[in-house]
file data.txt (compact mmCIF, C-alpha atoms)
# COMPACT_ATOMS: atom_id res chain seq x y z
CA MET A 237 20.31 -41.74 -13.13
CA CYS A 238 16.58 -41.60 -13.79
CA CYS A 239 16.03 -39.63 -10.60
CA CYS A 240 18.83 -37.25 -11.53
CA THR A 241 17.35 -36.74 -14.97
CA LEU A 242 13.93 -36.12 -13.42
CA GLU A 243 15.41 -33.56 -11.05
CA CYS A 244 17.16 -31.82 -13.95
CA VAL A 245 13.90 -31.60 -15.86
CA LYS A 246 12.18 -30.17 -12.77
CA CYS A 247 14.95 -27.58 -12.37
CA PHE A 248 14.54 -26.45 -15.97
CA LEU A 249 10.77 -26.35 -15.46
CA TYR A 250 11.17 -24.21 -12.32
CA PHE A 251 13.42 -21.82 -14.21
CA LEU A 252 11.06 -21.53 -17.19
CA ASP A 253 8.10 -21.12 -14.83
CA ILE A 254 9.83 -18.16 -13.20
CA VAL A 255 10.49 -16.70 -16.66
CA PHE A 256 6.82 -17.40 -17.45
CA LEU A 257 5.79 -15.48 -14.32
CA LEU A 258 8.03 -12.56 -15.27
CA SER A 259 6.57 -12.60 -18.79
CA GLY A 260 3.11 -12.23 -17.25
CA VAL A 261 4.28 -9.22 -15.27
CA GLY A 262 5.92 -7.85 -18.42
CA LEU A 263 2.77 -8.27 -20.51
CA PHE A 264 0.67 -6.61 -17.82
CA ILE A 265 3.04 -3.62 -17.61
CA THR A 266 3.20 -3.37 -21.42
CA GLY A 267 -0.60 -3.35 -21.68
CA ILE A 268 -0.91 -0.64 -19.01
CA HIS A 269 1.88 1.34 -20.70
CA VAL A 270 0.06 1.27 -24.04
CA LEU A 271 -3.28 2.25 -22.53
CA VAL A 272 -1.82 5.13 -20.53
CA GLY A 273 0.34 6.29 -23.43
CA VAL A 274 -2.29 6.08 -26.18
CA THR A 275 -5.88 5.40 -25.24
CA SER A 276 -5.83 7.24 -21.90
CA GLY A 277 -3.10 9.79 -22.53
CA ALA A 278 -3.27 13.50 -23.17
CA TYR A 279 -4.22 12.91 -26.82
CA ALA A 280 -6.82 10.18 -26.12
CA SER A 281 -9.73 12.39 -27.17
CA LEU A 282 -8.25 12.75 -30.67
CA LEU A 283 -7.94 9.02 -31.23
CA PRO A 284 -10.82 6.77 -32.26
CA GLY A 285 -11.60 3.52 -30.50
CA ILE A 286 -9.13 1.72 -32.74
CA SER A 287 -9.79 -2.00 -32.71
CA TYR A 288 -6.06 -2.66 -33.09
CA MET A 289 -5.50 -1.16 -29.65
CA HIS A 290 -7.74 -3.84 -28.15
CA ALA A 291 -4.53 -5.85 -28.14
CA ALA A 292 -3.54 -3.76 -25.10
CA TYR A 293 -6.54 -5.08 -23.17
CA ILE A 294 -5.60 -8.61 -24.18
CA LEU A 295 -2.11 -8.05 -22.75
CA ILE A 296 -3.49 -6.88 -19.38
CA ILE A 297 -5.84 -9.87 -19.08
CA LEU A 298 -3.04 -12.19 -20.19
CA GLY A 299 -0.65 -10.76 -17.63
CA VAL A 300 -2.99 -11.55 -14.74
CA PHE A 301 -3.86 -14.97 -16.17
CA ILE A 302 -0.20 -15.90 -16.66
CA ILE A 303 0.64 -15.03 -13.05
CA VAL A 304 -2.10 -17.44 -11.88
CA VAL A 305 -1.00 -20.14 -14.34
CA SER A 306 2.65 -19.89 -13.26
CA ILE A 307 1.58 -20.59 -9.65
CA VAL A 308 -0.26 -23.71 -10.84
CA GLY A 309 2.88 -24.76 -12.74
CA CYS A 310 5.04 -24.38 -9.66
CA ILE A 311 2.63 -26.54 -7.63
CA ALA A 312 2.60 -29.15 -10.40
CA ALA A 313 6.39 -29.42 -10.47
CA ILE A 314 6.77 -29.54 -6.68
CA ARG A 315 4.08 -32.20 -6.18
CA GLU A 316 5.02 -34.13 -9.34
CA SER A 317 1.31 -34.32 -10.06
CA VAL A 318 0.30 -35.63 -13.47
CA CYS A 319 -3.12 -34.00 -13.07
CA CYS A 320 -1.62 -30.59 -12.32
CA LEU A 321 0.83 -30.90 -15.20
CA LEU A 322 -2.04 -31.54 -17.60
CA VAL A 323 -3.94 -28.52 -16.25
CA PHE A 324 -0.76 -26.43 -16.51
CA TYR A 325 -0.16 -27.63 -20.08
CA PHE A 326 -3.61 -26.68 -21.33
CA MET A 327 -3.53 -23.32 -19.55
CA VAL A 328 -0.20 -22.46 -21.20
CA VAL A 329 -1.66 -23.46 -24.58
CA ILE A 330 -4.57 -21.06 -23.96
CA VAL A 331 -2.08 -18.31 -23.09
CA ILE A 332 -0.16 -18.92 -26.32
CA CYS A 333 -3.38 -18.77 -28.37
CA LEU A 334 -4.32 -15.43 -26.77
CA GLU A 335 -0.84 -14.04 -27.37
CA VAL A 336 -0.97 -15.13 -31.01
CA SER A 337 -4.29 -13.27 -31.35
CA ALA A 338 -2.64 -10.13 -29.93
CA ILE A 339 0.23 -10.54 -32.42
CA ILE A 340 -2.24 -10.86 -35.31
CA ILE A 341 -4.17 -7.77 -34.18
CA ALA A 342 -0.99 -5.73 -33.80
CA PHE A 343 0.60 -6.68 -37.11
CA ALA A 344 -2.74 -6.45 -38.93
CA GLY A 345 -2.83 -2.82 -37.80
CA LEU A 346 0.61 -2.29 -39.34
CA HIS A 347 -0.38 -4.04 -42.56
CA LEU A 348 -3.63 -2.07 -42.91
CA HIS A 349 -1.79 1.21 -42.51
CA ASP A 350 -3.91 3.18 -44.99
CA ASP A 351 -7.19 2.12 -43.40
CA MET A 352 -5.90 2.99 -39.94
CA ALA A 353 -4.61 6.37 -41.22
CA ASP A 354 -8.04 7.22 -42.67
CA TYR A 355 -9.66 6.26 -39.39
CA VAL A 356 -7.28 8.38 -37.32
CA ARG A 357 -7.52 11.34 -39.74
CA ALA A 358 -11.33 11.37 -39.51
CA SER A 359 -11.19 11.32 -35.72
CA MET A 360 -8.64 14.15 -35.59
CA LYS A 361 -10.71 16.30 -37.94
CA ARG A 362 -13.70 15.76 -35.69
CA GLY A 363 -11.53 17.17 -32.91
CA LEU A 364 -10.84 20.29 -35.02
CA TYR A 365 -14.54 20.80 -35.56
CA LEU A 366 -15.29 20.51 -31.81
CA TYR A 367 -12.27 22.56 -30.68
CA THR A 368 -14.32 25.66 -29.83
CA ASP A 369 -17.37 23.75 -28.55
CA PRO A 370 -17.79 24.50 -24.79
CA ASP A 371 -19.34 21.06 -24.32
CA HIS A 372 -16.16 19.32 -25.57
CA THR A 373 -13.37 21.05 -23.68
CA GLU A 374 -11.37 17.80 -23.72
CA MET A 375 -10.85 18.27 -27.47
CA LYS A 376 -9.30 21.70 -26.97
CA THR A 377 -7.05 20.36 -24.22
CA ALA A 378 -5.96 17.40 -26.33
CA TRP A 379 -5.21 19.50 -29.43
CA ASP A 380 -3.31 22.13 -27.46
CA SER A 381 -1.23 19.47 -25.70
CA LEU A 382 -0.46 17.69 -28.96
CA GLN A 383 0.52 20.82 -30.90
CA GLU A 384 2.67 22.22 -28.11
CA ASP A 385 4.45 18.94 -27.31
CA ALA A 386 4.94 17.74 -30.89
CA GLN A 387 5.39 21.23 -32.40
CA CYS A 388 2.87 20.62 -35.16
CA CYS A 389 -0.32 22.32 -36.36
CA GLY A 390 -3.55 20.88 -37.73
CA VAL A 391 -4.08 17.40 -39.14
CA SER A 392 -2.21 17.60 -42.45
CA SER A 393 -1.33 21.33 -42.34
CA PRO A 394 -2.25 24.57 -40.50
CA GLN A 395 -4.91 25.23 -43.16
CA ASP A 396 -7.05 22.51 -41.56
CA TRP A 397 -7.98 24.99 -38.83
CA GLU A 398 -9.55 27.22 -41.47
CA ILE A 399 -11.15 24.45 -43.55
CA THR A 400 -12.42 22.15 -40.79
CA GLY A 401 -12.04 24.12 -37.56
CA GLY A 402 -13.89 27.21 -38.74
CA PHE A 403 -11.05 29.62 -37.86
CA PRO A 404 -10.74 32.90 -39.82
CA PRO A 405 -8.34 32.69 -42.78
CA GLY A 406 -4.70 32.87 -41.74
CA THR A 407 -5.35 32.28 -38.03
CA VAL A 408 -4.53 29.25 -35.88
CA PRO A 409 -4.80 28.40 -32.16
CA ASN A 410 -2.09 29.81 -29.89
CA SER A 411 -0.79 26.28 -29.32
CA CYS A 412 0.37 26.31 -32.96
CA CYS A 413 2.50 29.39 -32.48
CA SER A 414 6.24 29.00 -32.52
CA GLY A 415 7.16 32.58 -31.64
CA PRO A 416 7.67 34.17 -28.19
CA GLU A 417 4.94 33.55 -25.62
CA GLY A 418 2.00 35.89 -26.08
CA THR A 419 2.69 36.47 -29.78
CA CYS A 420 1.76 34.45 -32.83
CA ILE A 421 3.95 35.87 -35.57
CA THR A 422 5.00 32.43 -36.79
CA HIS A 423 3.46 29.00 -36.37
CA TYR A 424 4.39 25.36 -36.97
CA GLU A 425 3.94 24.23 -40.58
CA GLU A 426 3.98 20.46 -40.12
CA GLY A 427 0.69 18.62 -39.57
CA CYS A 428 0.17 16.34 -36.56
CA GLU A 429 -1.19 13.31 -38.40
CA ASP A 430 2.19 11.74 -39.20
CA ILE A 431 3.35 12.17 -35.61
CA ILE A 432 0.26 10.41 -34.24
CA MET A 433 0.56 7.60 -36.80
CA ALA A 434 4.24 7.08 -36.00
CA GLU A 435 3.40 6.80 -32.30
CA LEU A 436 0.64 4.29 -32.97
CA ARG A 437 2.95 2.20 -35.16
CA ASP A 438 5.53 2.16 -32.36
CA TRP A 439 2.95 0.86 -29.89
CA LEU A 440 1.74 -1.83 -32.30
CA VAL A 441 5.31 -2.98 -32.97
CA LEU A 442 5.96 -3.11 -29.21
CA ILE A 443 2.88 -5.27 -28.63
CA GLY A 444 3.72 -7.63 -31.50
CA VAL A 445 7.40 -8.09 -30.65
CA VAL A 446 6.84 -8.56 -26.90
CA CYS A 447 4.14 -11.19 -27.51
CA LEU A 448 6.29 -12.99 -30.10
CA ILE A 449 9.24 -13.26 -27.69
CA PHE A 450 7.04 -14.61 -24.93
CA VAL A 451 5.38 -17.14 -27.25
CA ILE A 452 8.82 -18.59 -28.07
CA ILE A 453 9.61 -18.88 -24.34
CA GLN A 454 6.27 -20.53 -23.64
CA VAL A 455 6.69 -23.09 -26.42
CA LEU A 456 9.92 -24.13 -24.70
CA LEU A 457 8.01 -24.30 -21.40
CA ILE A 458 5.44 -26.65 -22.97
CA TRP A 459 8.26 -28.89 -24.17
CA PHE A 460 9.57 -29.35 -20.61
CA ILE A 461 6.05 -29.83 -19.25
CA LEU A 462 5.58 -32.73 -21.64
CA ILE A 463 9.01 -34.21 -20.79
CA LEU A 464 8.21 -34.18 -17.06
CA PHE A 465 4.71 -35.53 -17.70
CA PHE A 466 5.94 -38.56 -19.64
CA LYS A 467 8.74 -39.26 -17.15
CA LEU A 468 6.23 -39.33 -14.30
CA HIS A 469 3.75 -41.29 -16.37
CA ARG A 470 6.21 -44.04 -17.33
CA GLY A 471 7.96 -44.45 -13.98
CA SER A 472 6.56 -44.93 -10.48
CA LYS A 473 3.52 -42.79 -10.92
CA ARG A 474 2.04 -40.39 -8.40
CA TYR A 475 -1.52 -39.43 -9.18
CA CYS A 476 -3.97 -37.14 -7.46
CA CYS A 477 -7.61 -36.27 -8.01
CA GLY A 478 -6.71 -32.62 -8.33
CA CYS A 479 -3.83 -30.24 -7.78
CA PHE A 480 -4.63 -30.13 -4.05
CA GLY A 481 -6.17 -33.61 -3.74
CA VAL A 482 -5.14 -36.89 -2.12
CA TYR A 483 -2.26 -38.83 -3.63
CA SER A 484 -2.19 -42.49 -4.56
CA TYR A 485 0.78 -44.44 -5.83
CA VAL A 486 0.87 -47.01 -8.58
CA LYS A 487 3.88 -49.30 -8.74
CA GLU A 488 5.30 -49.98 -12.19
CA VAL A 489 4.45 -53.55 -13.35
CA ASP A 490 7.03 -55.24 -15.53
call {"tool": "encode", "arguments": {"input": "data.txt", "output": "structure tokens"}}
result
Amino acid sequence: MCCCTLECVKCFLYFLDIVFLLSGVGLFITGIHVLVGVTSGAYASLLPGISYMHAAYILIILGVFIIVVSIVGCIAAIRESVCCLLVFYFMVVIVICLEVSAIIIAFAGLHLHDDMADYVRASMKRGLYLYTDPDHTEMKTAWDSLQEDAQCCGVSSPQDWEITGGFPPGTVPNSCCSGPEGTCITHYEEGCEDIIMAELRDWLVLIGVVCLIFVIIQVLLIWFILILFFKLHRGSKRYCCGCFGVYSYVKEVD
């Protein structure tokens, strides 16, 4: 019965370790997705180095780390090594702490919405000012891509091109124009700031929710690690000097 129970615990641990491995892959892909979509995308030049987006780098590092940790966990369960289980336990705790830090960064960005909006607005206005600068062609490319794709114009309104961008009164870049190609009879009236902020909020929510789900899974994983550890520790114990070391057996003394 004890052996059966031990095998059941190991089966659950194998299952959760596989889920843990998949969560690492998921976090890695999410981090890359955020970086490509926001910090390295077509509009990257318009965005400041927002500290909240550092959560994306945490996700990438976590993803790689979790994949390594899940391999250690599999070895620990197969070898029934108390030493490996302890190493696995502490590594999972470190992962959870890092994920909690990513959650805090992400949701702090949502909570400090006004501060983030001011930061983004200042960066976008800098892009308006450098739009015609031949030494900053990336700004022109970023603004044209944003205005054409999102069908918006300026930061808060088209007038920003006159006030901050130095355009003649009543004129805007061709990427603002909503009329037939080659003409600029009409242009978009909505500013681009709200669109950028909405996209950033979506990324921060994605980071926070994904990390929160994986933290819950990993807390359950820790629970089964501890169950297996105490079962091995109380019964006929198999110890090793390390995860790949030499085993020695200690018979239970009544």
call {"tool": "closest_residue", "arguments": {"input": "data.txt", "among": "A:Ile294, A:Leu322, A:Ile332, A:Val304", "to": "A:Gln454", "atoms": "all atoms listed in the file"}}
result
A:Ile332
call {"tool": "residues_around", "arguments": {"input": "data.txt", "residues": "A:Cys447", "least_positions_apart": "6", "cutoff": "9 Å", "atoms": "all atoms listed in the file", "output": "VMD selection string"}}
result
chain A and resid 263 295 332 335 to 336 338 to 339
call {"tool": "residues_around", "arguments": {"input": "data.txt", "residues": "stretch 411-415 of chain A", "least_positions_apart": "3", "cutoff": "12 Å", "atoms": "all atoms listed in the file", "output": "ChimeraX atom specification"}}
result
/A:376-391,393-397,407-408,418-428
call {"tool": "write_last_selection", "arguments": {"input": "data.txt", "atoms": "C-alpha atoms", "output": "mmCIF file, in the coordinates of the input"}}
result
data_model
loop_
_atom_site.group_PDB
_atom_site.id
_atom_site.type_symbol
_atom_site.label_atom_id
_atom_site.label_comp_id
_atom_site.auth_asym_id
_atom_site.auth_seq_id
_atom_site.Cartn_x
_atom_site.Cartn_y
_atom_site.Cartn_z
ATOM 1 C CA LYS A 376 -9.300 21.700 -26.970
ATOM 2 C CA THR A 377 -7.050 20.360 -24.220
ATOM 3 C CA ALA A 378 -5.960 17.400 -26.330
ATOM 4 C CA TRP A 379 -5.210 19.500 -29.430
ATOM 5 C CA ASP A 380 -3.310 22.130 -27.460
ATOM 6 C CA SER A 381 -1.230 19.470 -25.700
ATOM 7 C CA LEU A 382 -0.460 17.690 -28.960
ATOM 8 C CA GLN A 383 0.520 20.820 -30.900
ATOM 9 C CA GLU A 384 2.670 22.220 -28.110
ATOM 10 C CA ASP A 385 4.450 18.940 -27.310
ATOM 11 C CA ALA A 386 4.940 17.740 -30.890
ATOM 12 C CA GLN A 387 5.390 21.230 -32.400
ATOM 13 C CA CYS A 388 2.870 20.620 -35.160
ATOM 14 C CA CYS A 389 -0.320 22.320 -36.360
ATOM 15 C CA GLY A 390 -3.550 20.880 -37.730
ATOM 16 C CA VAL A 391 -4.080 17.400 -39.140
ATOM 17 C CA SER A 393 -1.330 21.330 -42.340
ATOM 18 C CA PRO A 394 -2.250 24.570 -40.500
ATOM 19 C CA GLN A 395 -4.910 25.230 -43.160
ATOM 20 C CA ASP A 396 -7.050 22.510 -41.560
ATOM 21 C CA TRP A 397 -7.980 24.990 -38.830
ATOM 22 C CA THR A 407 -5.350 32.280 -38.030
ATOM 23 C CA VAL A 408 -4.530 29.250 -35.880
ATOM 24 C CA GLY A 418 2.000 35.890 -26.080
ATOM 25 C CA THR A 419 2.690 36.470 -29.780
ATOM 26 C CA CYS A 420 1.760 34.450 -32.830
ATOM 27 C CA ILE A 421 3.950 35.870 -35.570
ATOM 28 C CA THR A 422 5.000 32.430 -36.790
ATOM 29 C CA HIS A 423 3.460 29.000 -36.370
ATOM 30 C CA TYR A 424 4.390 25.360 -36.970
ATOM 31 C CA GLU A 425 3.940 24.230 -40.580
ATOM 32 C CA GLU A 426 3.980 20.460 -40.120
ATOM 33 C CA GLY A 427 0.690 18.620 -39.570
ATOM 34 C CA CYS A 428 0.170 16.340 -36.560
#
call {"tool": "residues_around", "arguments": {"input": "data.txt", "residues": "A:Thr266", "least_positions_apart": "6", "cutoff": "12 Å", "atoms": "all atoms listed in the file", "output": "PyMOL selection string"}}
result
chain A and resi 259-260+272-274+291-299+439-447
call {"tool": "write_last_selection", "arguments": {"input": "data.txt", "atoms": "C-alpha atoms", "output": "tab-separated table (two decimals), in the coordinates of the input"}}
result
chain	number	residue	atom	x	y	z
A	259	SER	CA	6.57	-12.60	-18.79
A	260	GLY	CA	3.11	-12.23	-17.25
A	272	VAL	CA	-1.82	5.13	-20.53
A	273	GLY	CA	0.34	6.29	-23.43
A	274	VAL	CA	-2.29	6.08	-26.18
A	291	ALA	CA	-4.53	-5.85	-28.14
A	292	ALA	CA	-3.54	-3.76	-25.10
A	293	TYR	CA	-6.54	-5.08	-23.17
A	294	ILE	CA	-5.60	-8.61	-24.18
A	295	LEU	CA	-2.11	-8.05	-22.75
A	296	ILE	CA	-3.49	-6.88	-19.38
A	297	ILE	CA	-5.84	-9.87	-19.08
A	298	LEU	CA	-3.04	-12.19	-20.19
A	299	GLY	CA	-0.65	-10.76	-17.63
A	439	TRP	CA	2.95	0.86	-29.89
A	440	LEU	CA	1.74	-1.83	-32.30
A	441	VAL	CA	5.31	-2.98	-32.97
A	442	LEU	CA	5.96	-3.11	-29.21
A	443	ILE	CA	2.88	-5.27	-28.63
A	444	GLY	CA	3.72	-7.63	-31.50
A	445	VAL	CA	7.40	-8.09	-30.65
A	446	VAL	CA	6.84	-8.56	-26.90
A	447	CYS	CA	4.14	-11.19	-27.51
call {"tool": "closest_residue", "arguments": {"input": "data.txt", "among": "A:Leu456, A:Ala342, A:Leu366, A:Ile461", "to": "A:Arg437", "atoms": "all atoms listed in the file"}}
result
A:Ala342
call {"tool": "closest_atom_pairs", "arguments": {"input": "data.txt", "of": "stretch 288-385 of chain A", "to": "stretch 243-247 of chain A", "cutoff": "12 Å", "atoms": "all atoms listed in the file", "output": "Markdown table"}}
result
| residue | atom | partner | partner_atom | distance |
| --- | --- | --- | --- | --- |
| A:Gly309 | CA | A:Lys246 | CA | 10.8 |
| A:Cys310 | CA | A:Lys246 | CA | 9.7 |
| A:Ile311 | CA | A:Lys246 | CA | 11.4 |
| A:Ala312 | CA | A:Lys246 | CA | 9.9 |
| A:Ala313 | CA | A:Lys246 | CA | 6.3 |
| A:Ile314 | CA | A:Lys246 | CA | 8.2 |
| A:Arg315 | CA | A:Lys246 | CA | 10.6 |
| A:Glu316 | CA | A:Lys246 | CA | 8.9 |
| A:Ser317 | CA | A:Lys246 | CA | 11.9 |
| A:Leu321 | CA | A:Lys246 | CA | 11.6 |
call {"tool": "atom_distance", "arguments": {"input": "data.txt", "atom1": "atom CA of A:Cys319", "atom2": "atom CA of A:Val305"}}
result
14.1 Å
call {"tool": "closest_residue", "arguments": {"input": "data.txt", "among": "A:Tyr250, A:Ile463, A:Met433, A:Leu448", "to": "A:Leu346", "atoms": "only C-alpha atoms"}}
result
A:Met433
call {"tool": "decode", "arguments": {"input": "data.txt", "residues": "stretch 240-259 of chain A", "atoms": "N, CA, C and O atoms", "output": "PDB file, in the first residue's frame"}}
result
ATOM      1  N   CYS A 240       2.411   1.622  -3.346  1.00  0.00           N
ATOM      2  CA  CYS A 240       1.418   2.117  -4.296  1.00  0.00           C
ATOM      3  C   CYS A 240       1.203   3.615  -4.118  1.00  0.00           C
ATOM      4  O   CYS A 240       1.115   4.366  -5.073  1.00  0.00           O
ATOM      5  N   THR A 241       1.124   4.012  -2.854  1.00  0.00           N
ATOM      6  CA  THR A 241       0.937   5.442  -2.577  1.00  0.00           C
ATOM      7  C   THR A 241       2.126   6.247  -3.080  1.00  0.00           C
ATOM      8  O   THR A 241       1.974   7.318  -3.651  1.00  0.00           O
ATOM      9  N   LEU A 242       3.333   5.718  -2.869  1.00  0.00           N
ATOM     10  CA  LEU A 242       4.542   6.382  -3.329  1.00  0.00           C
ATOM     11  C   LEU A 242       4.541   6.516  -4.849  1.00  0.00           C
ATOM     12  O   LEU A 242       4.880   7.572  -5.393  1.00  0.00           O
ATOM     13  N   GLU A 243       4.128   5.440  -5.526  1.00  0.00           N
ATOM     14  CA  GLU A 243       4.077   5.481  -6.980  1.00  0.00           C
ATOM     15  C   GLU A 243       3.042   6.492  -7.481  1.00  0.00           C
ATOM     16  O   GLU A 243       3.263   7.165  -8.485  1.00  0.00           O
ATOM     17  N   CYS A 244       1.928   6.588  -6.755  1.00  0.00           N
ATOM     18  CA  CYS A 244       0.902   7.576  -7.137  1.00  0.00           C
ATOM     19  C   CYS A 244       1.432   8.994  -7.007  1.00  0.00           C
ATOM     20  O   CYS A 244       1.209   9.841  -7.874  1.00  0.00           O
ATOM     21  N   VAL A 245       2.146   9.239  -5.905  1.00  0.00           N
ATOM     22  CA  VAL A 245       2.733  10.564  -5.699  1.00  0.00           C
ATOM     23  C   VAL A 245       3.732  10.876  -6.809  1.00  0.00           C
ATOM     24  O   VAL A 245       3.766  11.986  -7.350  1.00  0.00           O
ATOM     25  N   LYS A 246       4.550   9.879  -7.176  1.00  0.00           N
ATOM     26  CA  LYS A 246       5.525  10.074  -8.251  1.00  0.00           C
ATOM     27  C   LYS A 246       4.830  10.367  -9.579  1.00  0.00           C
ATOM     28  O   LYS A 246       5.292  11.215 -10.349  1.00  0.00           O
ATOM     29  N   CYS A 247       3.713   9.678  -9.830  1.00  0.00           N
ATOM     30  CA  CYS A 247       2.977   9.913 -11.079  1.00  0.00           C
ATOM     31  C   CYS A 247       2.449  11.340 -11.145  1.00  0.00           C
ATOM     32  O   CYS A 247       2.552  12.013 -12.181  1.00  0.00           O
ATOM     33  N   PHE A 248       1.878  11.800 -10.016  1.00  0.00           N
ATOM     34  CA  PHE A 248       1.398  13.183  -9.970  1.00  0.00           C
ATOM     35  C   PHE A 248       2.560  14.156 -10.144  1.00  0.00           C
ATOM     36  O   PHE A 248       2.421  15.189 -10.812  1.00  0.00           O
ATOM     37  N   LEU A 249       3.703  13.823  -9.556  1.00  0.00           N
ATOM     38  CA  LEU A 249       4.868  14.703  -9.671  1.00  0.00           C
ATOM     39  C   LEU A 249       5.376  14.749 -11.109  1.00  0.00           C
ATOM     40  O   LEU A 249       5.744  15.815 -11.614  1.00  0.00           O
ATOM     41  N   TYR A 250       5.381  13.588 -11.794  1.00  0.00           N
ATOM     42  CA  TYR A 250       5.768  13.564 -13.203  1.00  0.00           C
ATOM     43  C   TYR A 250       4.852  14.464 -14.031  1.00  0.00           C
ATOM     44  O   TYR A 250       5.299  15.243 -14.879  1.00  0.00           O
ATOM     45  N   PHE A 251       3.549  14.313 -13.769  1.00  0.00           N
ATOM     46  CA  PHE A 251       2.561  15.096 -14.523  1.00  0.00           C
ATOM     47  C   PHE A 251       2.773  16.594 -14.311  1.00  0.00           C
ATOM     48  O   PHE A 251       2.817  17.380 -15.266  1.00  0.00           O
ATOM     49  N   LEU A 252       2.912  16.989 -13.036  1.00  0.00           N
ATOM     50  CA  LEU A 252       3.088  18.410 -12.727  1.00  0.00           C
ATOM     51  C   LEU A 252       4.435  18.926 -13.255  1.00  0.00           C
ATOM     52  O   LEU A 252       4.553  20.092 -13.623  1.00  0.00           O
ATOM     53  N   ASP A 253       5.435  18.054 -13.289  1.00  0.00           N
ATOM     54  CA  ASP A 253       6.736  18.463 -13.825  1.00  0.00           C
ATOM     55  C   ASP A 253       6.643  18.728 -15.321  1.00  0.00           C
ATOM     56  O   ASP A 253       7.277  19.655 -15.842  1.00  0.00           O
ATOM     57  N   ILE A 254       5.845  17.920 -16.013  1.00  0.00           N
ATOM     58  CA  ILE A 254       5.627  18.162 -17.442  1.00  0.00           C
ATOM     59  C   ILE A 254       4.894  19.495 -17.646  1.00  0.00           C
ATOM     60  O   ILE A 254       5.236  20.286 -18.524  1.00  0.00           O
ATOM     61  N   VAL A 255       3.865  19.727 -16.799  1.00  0.00           N
ATOM     62  CA  VAL A 255       3.154  21.010 -16.867  1.00  0.00           C
ATOM     63  C   VAL A 255       4.112  22.158 -16.564  1.00  0.00           C
ATOM     64  O   VAL A 255       4.059  23.222 -17.193  1.00  0.00           O
ATOM     65  N   PHE A 256       5.011  21.931 -15.597  1.00  0.00           N
ATOM     66  CA  PHE A 256       6.018  22.920 -15.226  1.00  0.00           C
ATOM     67  C   PHE A 256       6.924  23.231 -16.417  1.00  0.00           C
ATOM     68  O   PHE A 256       7.230  24.395 -16.705  1.00  0.00           O
ATOM     69  N   LEU A 257       7.339  22.175 -17.126  1.00  0.00           N
ATOM     70  CA  LEU A 257       8.170  22.355 -18.323  1.00  0.00           C
ATOM     71  C   LEU A 257       7.431  23.158 -19.389  1.00  0.00           C
ATOM     72  O   LEU A 257       7.984  24.095 -19.983  1.00  0.00           O
ATOM     73  N   LEU A 258       6.157  22.823 -19.601  1.00  0.00           N
ATOM     74  CA  LEU A 258       5.358  23.544 -20.588  1.00  0.00           C
ATOM     75  C   LEU A 258       5.149  24.997 -20.172  1.00  0.00           C
ATOM     76  O   LEU A 258       5.096  25.893 -21.019  1.00  0.00           O
ATOM     77  N   SER A 259       5.037  25.228 -18.856  1.00  0.00           N
ATOM     78  CA  SER A 259       4.891  26.612 -18.380  1.00  0.00           C
ATOM     79  C   SER A 259       6.150  27.410 -18.672  1.00  0.00           C
ATOM     80  O   SER A 259       6.088  28.599 -18.989  1.00  0.00           O
TER      81      SER A 259
END
